[in-house]
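Written below as structure tokens is the structure these notes are about.
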Amino acid sequence: MTRLTAPDVGSGPGAPGARPRWLVGDSRGAALPDLLLACALGTLLASMALPAAGGVRQRVRGETAARLLVAEFRQARVVAARRSATVALRFEAADGRLSWRVFVDGDGDGVRSADITSGTDRPITAVVRLDAEFPGVRARIGRTVPSVDGAGRLAPGEDALRLGTGDSLSFAPLGTASGGSLYLEGPDGAMYAVRVLGPTGRVRGLRLNPATSRWDDL
């Protein structure tokens, strides 16, 4: 797997651990993730005033992290169409601590490890570390859960990144995707998933309903 390496961007908004700055030539590229995250953070701040603030903050933190990933996937699909080039998010999850970086294909053969190493496929965001944004949220399957694709159940400890070879997910210019699912566990133990359908590139954010053991849309 390609090691994610942060660019030399200092400590500004594009620094590792910060929200990604989509370098697509204009400010519109960052509008969707910025807006969704701003709304979610507003909800989080409001929750701090509630009597049961601790539990509410934990719940909102997990849900907001899942929504951020949904926004990232959707933005990657838009950028792929704009650039007429494949865009891929490449993930790592050391001890459940999820990080990713977004790359764009530079030679028409998809985003490949060798091309990243050579500089042909360039990064268009800094490295993003989910734990820096949302402490306690992990890419982890902490208990037995139904698979979001309906293919049986997943046991505790199974791989939370079910994205195929290289733990990456790609979007093509025509809107299709490589497809796959990613599972998150919130600080309160709640389970979330983000699923991308390959043929359509559709992205869904889901939360496991503990009462029904079914996945509900966020």
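Simple scheme: letters A, B, ... for chains in structure tokens order, numbers from 1 for residues in each chain, numbers from 1 for ligands in the order shown.
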Item to check | Residue contacts of Arg59 of chain A (8 Å, only C-alpha atoms) excluding same-chain residues fewer than 4 positions away, as a ChimeraX atom specification | outcome: /A:55,63,186-188,190
Item to check | 9 Å contact set for segment 169-184 of chain A, only C-alpha atoms, chain neighbours under 4 positions out, as an NGL selection string | outcome: :A and (62 or 65-66 or 73 or 76-91 or 96 or 110-111 or 137-141 or 148-149 or 159-164 or 190-202)
Next on the checklist: Just list as a ChimeraX atom specification whatever in segment 108-214 of chain A DSSP marks as alpha helix (DSSP H).
Outcome noted: /A:113-118,130-133
Item to check | Separation of atom CA of Pro156 of chain A from atom CA of Arg57 of chain A in Å | outcome: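 Those two atoms sit 24.5 Å apart.
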Next on the checklist: Just list as a ChimeraX atom specification whatever in segment 120-198 of chain A DSSP marks as strand (DSSP E or B).
Outcome noted: /A:122-123,128-129,138,145-146,153-154,161-162,168-171,177,180-185,191-196
